[in-house]
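Chemist: Take this structure, written in structure tokens, and hold onto it; I'll ask about it next.
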Amino acid sequence: MAVAASQRSMLSEQSKMSAASQAERSVLEDEFKWLLKEEVHSVLKQLQDILKEASRRFSMPAAGLESQLKQENFILGSSTMDQVKGVLTLQGDALTQADIHLKMAKSNQVMHFAFRDDKQWKMQQIQDARNHVTQALQLLSSRDESYHFRTGAEVNKLMDAVMLQLTRARNRLTTPATLTLPELASSGLMKMFTPPMPGDVMVNFYTNLSKLCLTVYQLHVLQPNTTKNFKPSGSSVLHNPGAMFELNNTKFEVSHVHKVECVVPWLNDTLVFFTISLQLCQQLKDKISVFSSYWNYRPF
């Protein structure tokens with residue numbers, strides 16, 4: 001008798017636990033439905049608003065409206081470092097003018113170089129970052145408010161695609177391209193200036209985080225009797241004094257390196273927008289993971 005009563009009690013408890021489990025599952029399913037139907041679209045709307053602001057920072061004119069694109073002047077150099085001074089004019093993703101004063105190390109003579117009137121230098125990092133923002137916005141707009149997400153995996157797939165574009169955009173601004181010295185010496189940038197850059201001077205422009213950077217290299221020719229110690233340098237963002245390279249059968253060594261930079265406020269804004277957007281994407285993925293057991297559950 002006692003055993004039978006005990007069994008009935010256990011069955012009763014199991015029944016209660018089963019009912020509680022069903023009730024909990026029902027609540028979770030309702031929450032998951034609400035997440036897929038309402039909250040996902042709310043986050044997508046926030047992301048679109050933020051990235052539209054980022055896109056405006058990269059403001060590019062429509063065809064025929066080039067003159068309406070704002071030109072910004074940035075002063076390079078400082079009172080404590082007068083080897084290189086200059087003013088750069090940035091218009092969207094192009095340097096439309098560069099006015100550089102360089103004090104030559106050997107002679108202390110100050111030389112002046114400026115872009116030719118018919119030349120502009122495209123800042124590929126800015127252009128690429130803008131293109132990635134555009135692609136992220138296209139991904140988001142492909143799922144308007146009428147679109148019905150059926151699984152958490154589908155949401156995650158979209159978030160991963162958006163995060164990939166945002167990460168690439170951020171990386172383009174924060175990671176300048178590495179170049180060998182011969183690549184830099186033979187780049188189109190060396191043909192931008194008037195008067196022409198002398199053969200013992202090279203320059204490079206790039207962005208690093210929110211800064212616009214100018215690096216100037218002064219060179220000297222290596223004598224033939226030093227070639228036994230010749231070790232050409234590889235690719236780098238910034239080459240140090242002592243770096244060697246060969247161009248047109250002449251061997252050079254970097255004697256002096258000068259780097260000057262300035263902050264571009266709107267580039268800083270875009271980096272903040274990228275960080276906020278990536279956080280929103282990750283937070284939505286984290287919420288989806290709470291319902292991981294229902295990722296393949298189709299509520300409707």
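Here's how to read the names in the structure tokens: chain A, B, ... by the order shown, residue numbers from 1 in each chain, ligand numbers from 1 in the order shown.
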Show which residues sit within 10 Å of stretch 269-281 of chain A, as an MDAnalysis selection string. Count only C-alpha atoms, and ignore same-chain residues fewer than 4 positions away.

Modeler: chainID A and resid 40 43:44 46:58 129:130 133 155:156 158:160 162:167 169:171 173:174 209:210 264:265 285:286

Chemist: Do a neighbour search on A:Leu184 at 12 Å with only C-alpha atoms, toss out local chain neighbours closer than 5 positions, and write the hits as a ChimeraX atom specification.

Modeler: /A:177-179,189-191,201-205,215-217,234-239,245-247

Chemist: Based on the selection just made, write C-alpha atoms of those residues as a PDB file, in the first residue's frame.

Modeler:
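Saved the output as selection-v5.pdb:
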```pdb
ATOM      1  CA  ALA A 177      48.230  49.591 -46.726  1.00  0.00           C
ATOM      2  CA  THR A 178      51.794  48.307 -46.484  1.00  0.00           C
ATOM      3  CA  LEU A 179      54.067  49.282 -49.367  1.00  0.00           C
ATOM      4  CA  LEU A 189      51.704  60.122 -56.044  1.00  0.00           C
ATOM      5  CA  MET A 190      55.267  61.078 -56.972  1.00  0.00           C
ATOM      6  CA  LYS A 191      53.966  62.647 -60.204  1.00  0.00           C
ATOM      7  CA  VAL A 201      62.412  62.639 -51.625  1.00  0.00           C
ATOM      8  CA  MET A 202      59.315  60.426 -51.359  1.00  0.00           C
ATOM      9  CA  VAL A 203      55.951  61.050 -49.686  1.00  0.00           C
ATOM     10  CA  ASN A 204      52.948  58.973 -48.687  1.00  0.00           C
ATOM     11  CA  PHE A 205      49.436  59.868 -47.491  1.00  0.00           C
ATOM     12  CA  THR A 215      55.126  60.642 -44.229  1.00  0.00           C
ATOM     13  CA  VAL A 216      58.154  62.159 -45.954  1.00  0.00           C
ATOM     14  CA  TYR A 217      61.280  60.112 -46.709  1.00  0.00           C
ATOM     15  CA  GLY A 234      60.053  44.604 -47.304  1.00  0.00           C
ATOM     16  CA  SER A 235      56.532  46.028 -47.142  1.00  0.00           C
ATOM     17  CA  SER A 236      55.646  48.378 -44.313  1.00  0.00           C
ATOM     18  CA  VAL A 237      53.333  51.254 -43.426  1.00  0.00           C
ATOM     19  CA  LEU A 238      56.283  53.250 -42.106  1.00  0.00           C
ATOM     20  CA  HIS A 239      59.912  52.604 -43.107  1.00  0.00           C
ATOM     21  CA  PHE A 245      65.819  49.576 -51.732  1.00  0.00           C
ATOM     22  CA  GLU A 246      66.773  49.442 -55.384  1.00  0.00           C
ATOM     23  CA  LEU A 247      65.095  51.303 -58.221  1.00  0.00           C
TER      24      LEU A 247
END
```

Chemist: Counting only C-alpha atoms, which residue out of A:Gly152, A:Gly92, A:Pro196, A:Pro182 sits closest to A:Ala243?

Modeler: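 Of A:Gly152, A:Gly92, A:Pro196, A:Pro182, the one nearest A:Ala243 is A:Pro182, counting only C-alpha atoms.
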
Chemist: Rounded to one decimal in Å, what is the spacing between atom CA of A:Met111 and atom CA of A:His256?

Modeler: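 Interatomic distance here is 15.3 Å.
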
Chemist: Using atom CA of A:Lys287 and atom CA of A:Glu154 as the two end points, give the distance in Å to one decimal.

Modeler: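 The value is 13.5 Å.
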
Chemist: Skip A:His220 itself and residues of its chain fewer than 4 positions away, then list as an NGL selection string all residues within 12 Å of it, counting only C-alpha atoms.

Modeler: :A and (104-106 or 198-202 or 241-246 or 250-256)

Chemist: The selected residues should be written to file as a JSON list (two decimals), in the first residue's frame (atoms: N, CA, C and O atoms).

Modeler:
```
[["chain", "number", "residue", "atom", "x", "y", "z"],
["A", 104, "MET", "N", 65.26, 70.40, -46.04],
["A", 104, "MET", "CA", 66.16, 69.33, -46.44],
["A", 104, "MET", "C", 67.25, 69.14, -45.38],
["A", 104, "MET", "O", 67.82, 70.11, -44.86],
["A", 105, "ALA", "N", 67.54, 67.88, -45.06],
["A", 105, "ALA", "CA", 68.46, 67.57, -43.96],
["A", 105, "ALA", "C", 69.89, 68.03, -44.26],
["A", 105, "ALA", "O", 70.57, 68.56, -43.38],
["A", 106, "LYS", "N", 70.35, 67.86, -45.52],
["A", 106, "LYS", "CA", 71.75, 68.17, -45.84],
["A", 106, "LYS", "C", 72.01, 69.67, -45.88],
["A", 106, "LYS", "O", 73.01, 70.16, -45.36],
["A", 198, "PRO", "N", 62.06, 65.88, -56.10],
["A", 198, "PRO", "CA", 63.40, 65.42, -56.47],
["A", 198, "PRO", "C", 63.54, 63.92, -56.23],
["A", 198, "PRO", "O", 62.76, 63.32, -55.46],
["A", 199, "GLY", "N", 64.51, 63.31, -56.84],
["A", 199, "GLY", "CA", 64.69, 61.87, -56.75],
["A", 199, "GLY", "C", 65.05, 61.36, -55.37],
["A", 199, "GLY", "O", 64.97, 60.16, -55.12],
["A", 200, "ASP", "N", 65.46, 62.27, -54.48],
["A", 200, "ASP", "CA", 65.84, 61.83, -53.13],
["A", 200, "ASP", "C", 64.77, 62.14, -52.08],
["A", 200, "ASP", "O", 65.05, 62.17, -50.89],
["A", 201, "VAL", "N", 63.53, 62.38, -52.54],
["A", 201, "VAL", "CA", 62.41, 62.64, -51.63],
["A", 201, "VAL", "C", 61.22, 61.80, -52.06],
["A", 201, "VAL", "O", 60.89, 61.72, -53.26],
["A", 202, "MET", "N", 60.55, 61.16, -51.09],
["A", 202, "MET", "CA", 59.31, 60.43, -51.36],
["A", 202, "MET", "C", 58.29, 60.79, -50.28],
["A", 202, "MET", "O", 58.66, 61.08, -49.14],
["A", 241, "PRO", "N", 64.64, 54.99, -40.81],
["A", 241, "PRO", "CA", 65.96, 55.33, -41.36],
["A", 241, "PRO", "C", 66.86, 54.09, -41.42],
["A", 241, "PRO", "O", 66.84, 53.27, -40.51],
["A", 242, "GLY", "N", 67.60, 53.96, -42.50],
["A", 242, "GLY", "CA", 68.43, 52.78, -42.69],
["A", 242, "GLY", "C", 67.81, 51.77, -43.63],
["A", 242, "GLY", "O", 68.51, 50.86, -44.10],
["A", 243, "ALA", "N", 66.51, 51.91, -43.91],
["A", 243, "ALA", "CA", 65.86, 51.00, -44.85],
["A", 243, "ALA", "C", 66.45, 51.21, -46.25],
["A", 243, "ALA", "O", 66.74, 52.33, -46.66],
["A", 244, "MET", "N", 66.65, 50.11, -46.98],
["A", 244, "MET", "CA", 67.29, 50.16, -48.29],
["A", 244, "MET", "C", 66.35, 49.62, -49.37],
["A", 244, "MET", "O", 65.50, 48.78, -49.12],
["A", 245, "PHE", "N", 66.57, 50.11, -50.59],
["A", 245, "PHE", "CA", 65.82, 49.58, -51.73],
["A", 245, "PHE", "C", 66.56, 49.90, -53.01],
["A", 245, "PHE", "O", 67.48, 50.73, -53.04],
["A", 246, "GLU", "N", 66.16, 49.23, -54.07],
["A", 246, "GLU", "CA", 66.77, 49.44, -55.38],
["A", 246, "GLU", "C", 65.71, 49.84, -56.38],
["A", 246, "GLU", "O", 64.61, 49.26, -56.41],
["A", 250, "THR", "N", 69.64, 51.59, -59.30],
["A", 250, "THR", "CA", 70.30, 52.45, -58.31],
["A", 250, "THR", "C", 69.83, 52.04, -56.93],
["A", 250, "THR", "O", 68.63, 51.82, -56.71],
["A", 251, "LYS", "N", 70.77, 51.94, -56.00],
["A", 251, "LYS", "CA", 70.44, 51.52, -54.63],
["A", 251, "LYS", "C", 70.36, 52.75, -53.72],
["A", 251, "LYS", "O", 71.24, 53.63, -53.78],
["A", 252, "PHE", "N", 69.29, 52.79, -52.92],
["A", 252, "PHE", "CA", 69.04, 53.92, -52.03],
["A", 252, "PHE", "C", 68.94, 53.45, -50.58],
["A", 252, "PHE", "O", 68.62, 52.29, -50.30],
["A", 253, "GLU", "N", 69.18, 54.40, -49.68],
["A", 253, "GLU", "CA", 68.95, 54.18, -48.25],
["A", 253, "GLU", "C", 68.16, 55.36, -47.70],
["A", 253, "GLU", "O", 68.39, 56.51, -48.09],
["A", 254, "VAL", "N", 67.19, 55.07, -46.83],
["A", 254, "VAL", "CA", 66.42, 56.13, -46.18],
["A", 254, "VAL", "C", 67.31, 56.78, -45.12],
["A", 254, "VAL", "O", 67.81, 56.11, -44.22],
["A", 255, "SER", "N", 67.51, 58.08, -45.25],
["A", 255, "SER", "CA", 68.35, 58.79, -44.27],
["A", 255, "SER", "C", 67.52, 59.48, -43.18],
["A", 255, "SER", "O", 67.92, 59.52, -42.02],
["A", 256, "HIS", "N", 66.35, 60.03, -43.57],
["A", 256, "HIS", "CA", 65.51, 60.73, -42.61],
["A", 256, "HIS", "C", 64.04, 60.42, -42.90],
["A", 256, "HIS", "O", 63.64, 60.29, -44.07]]
```

Chemist: Considering only strand (DSSP E or B) as DSSP defines it on the backbone, what residues of stretch 52-292 of chain A qualify? List them as a VMD selection string.

Modeler: chain A and resid 71 to 78 81 to 91 94 to 103 110 to 115 121 to 122 179 193 to 194 201 to 208 211 to 221 232 236 244 to 247 250 to 263

Chemist: Rounded to one decimal in Å, what is the spacing between atom CA of A:Leu267 and atom CA of A:Gln283?

Modeler: 24.6 Å

Chemist: Closest to A:Lys211 among A:Met197, A:Val263, A:Ala98, A:Val290, using only C-alpha atoms?

Modeler: A:Val263

Chemist: Nearest residue to A:Leu95 out of A:His112, A:Lys122, A:Lys37, A:Lys70, using only C-alpha atoms?

Modeler: A:Lys122

Chemist: Would you please extract all alpha helix (DSSP H) residues from stretch 151-197 of chain A, as assigned by DSSP on the backbone, and give them as a list in words?

Modeler: Gly152, Ala153, Glu154, Val155, Asn156, Lys157, Leu158, Met159, Asp160, Ala161, Val162, Met163, Leu164, Gln165, Leu166, Thr167, Arg168, Ala169, Arg170, Asn171, Arg172, Leu173, Thr174, Leu181, Pro182, Glu183, Leu184 and Ala185 of chain A

Chemist: Can you write out the residues you just picked, keeping C-alpha atoms, as a PDB file, in the first residue's frame?

Modeler:
```pdb
ATOM      1  CA  GLY A 152      17.087  32.774 -35.152  1.00  0.00           C
ATOM      2  CA  ALA A 153      19.680  31.366 -37.542  1.00  0.00           C
ATOM      3  CA  GLU A 154      18.271  33.604 -40.275  1.00  0.00           C
ATOM      4  CA  VAL A 155      18.714  36.676 -38.071  1.00  0.00           C
ATOM      5  CA  ASN A 156      22.244  35.629 -37.160  1.00  0.00           C
ATOM      6  CA  LYS A 157      23.125  35.187 -40.818  1.00  0.00           C
ATOM      7  CA  LEU A 158      22.044  38.756 -41.547  1.00  0.00           C
ATOM      8  CA  MET A 159      23.883  40.128 -38.504  1.00  0.00           C
ATOM      9  CA  ASP A 160      27.059  38.286 -39.487  1.00  0.00           C
ATOM     10  CA  ALA A 161      26.886  39.749 -43.001  1.00  0.00           C
ATOM     11  CA  VAL A 162      26.359  43.297 -41.674  1.00  0.00           C
ATOM     12  CA  MET A 163      29.127  42.912 -39.069  1.00  0.00           C
ATOM     13  CA  LEU A 164      31.525  41.701 -41.769  1.00  0.00           C
ATOM     14  CA  GLN A 165      30.962  44.883 -43.799  1.00  0.00           C
ATOM     15  CA  LEU A 166      31.300  47.111 -40.724  1.00  0.00           C
ATOM     16  CA  THR A 167      34.477  45.362 -39.601  1.00  0.00           C
ATOM     17  CA  ARG A 168      35.956  45.754 -43.074  1.00  0.00           C
ATOM     18  CA  ALA A 169      34.992  49.448 -43.105  1.00  0.00           C
ATOM     19  CA  ARG A 170      36.629  50.018 -39.730  1.00  0.00           C
ATOM     20  CA  ASN A 171      39.731  48.048 -40.697  1.00  0.00           C
ATOM     21  CA  ARG A 172      40.211  50.094 -43.864  1.00  0.00           C
ATOM     22  CA  LEU A 173      40.427  53.287 -41.817  1.00  0.00           C
ATOM     23  CA  THR A 174      42.558  51.824 -39.031  1.00  0.00           C
ATOM     24  CA  LEU A 181      59.840  51.544 -50.989  1.00  0.00           C
ATOM     25  CA  PRO A 182      60.080  50.799 -54.763  1.00  0.00           C
ATOM     26  CA  GLU A 183      56.253  50.667 -54.894  1.00  0.00           C
ATOM     27  CA  LEU A 184      56.086  54.038 -53.179  1.00  0.00           C
ATOM     28  CA  ALA A 185      58.804  55.519 -55.393  1.00  0.00           C
TER      29      ALA A 185
END
```

Chemist: Which one of A:Glu261, A:Leu35, A:Ser187, A:Asn229 sits closest to A:Leu284 if you count only C-alpha atoms?

Modeler: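 Checking each of A:Glu261, A:Leu35, A:Ser187, A:Asn229 against A:Leu284, counting only C-alpha atoms, the winner is A:Leu35.
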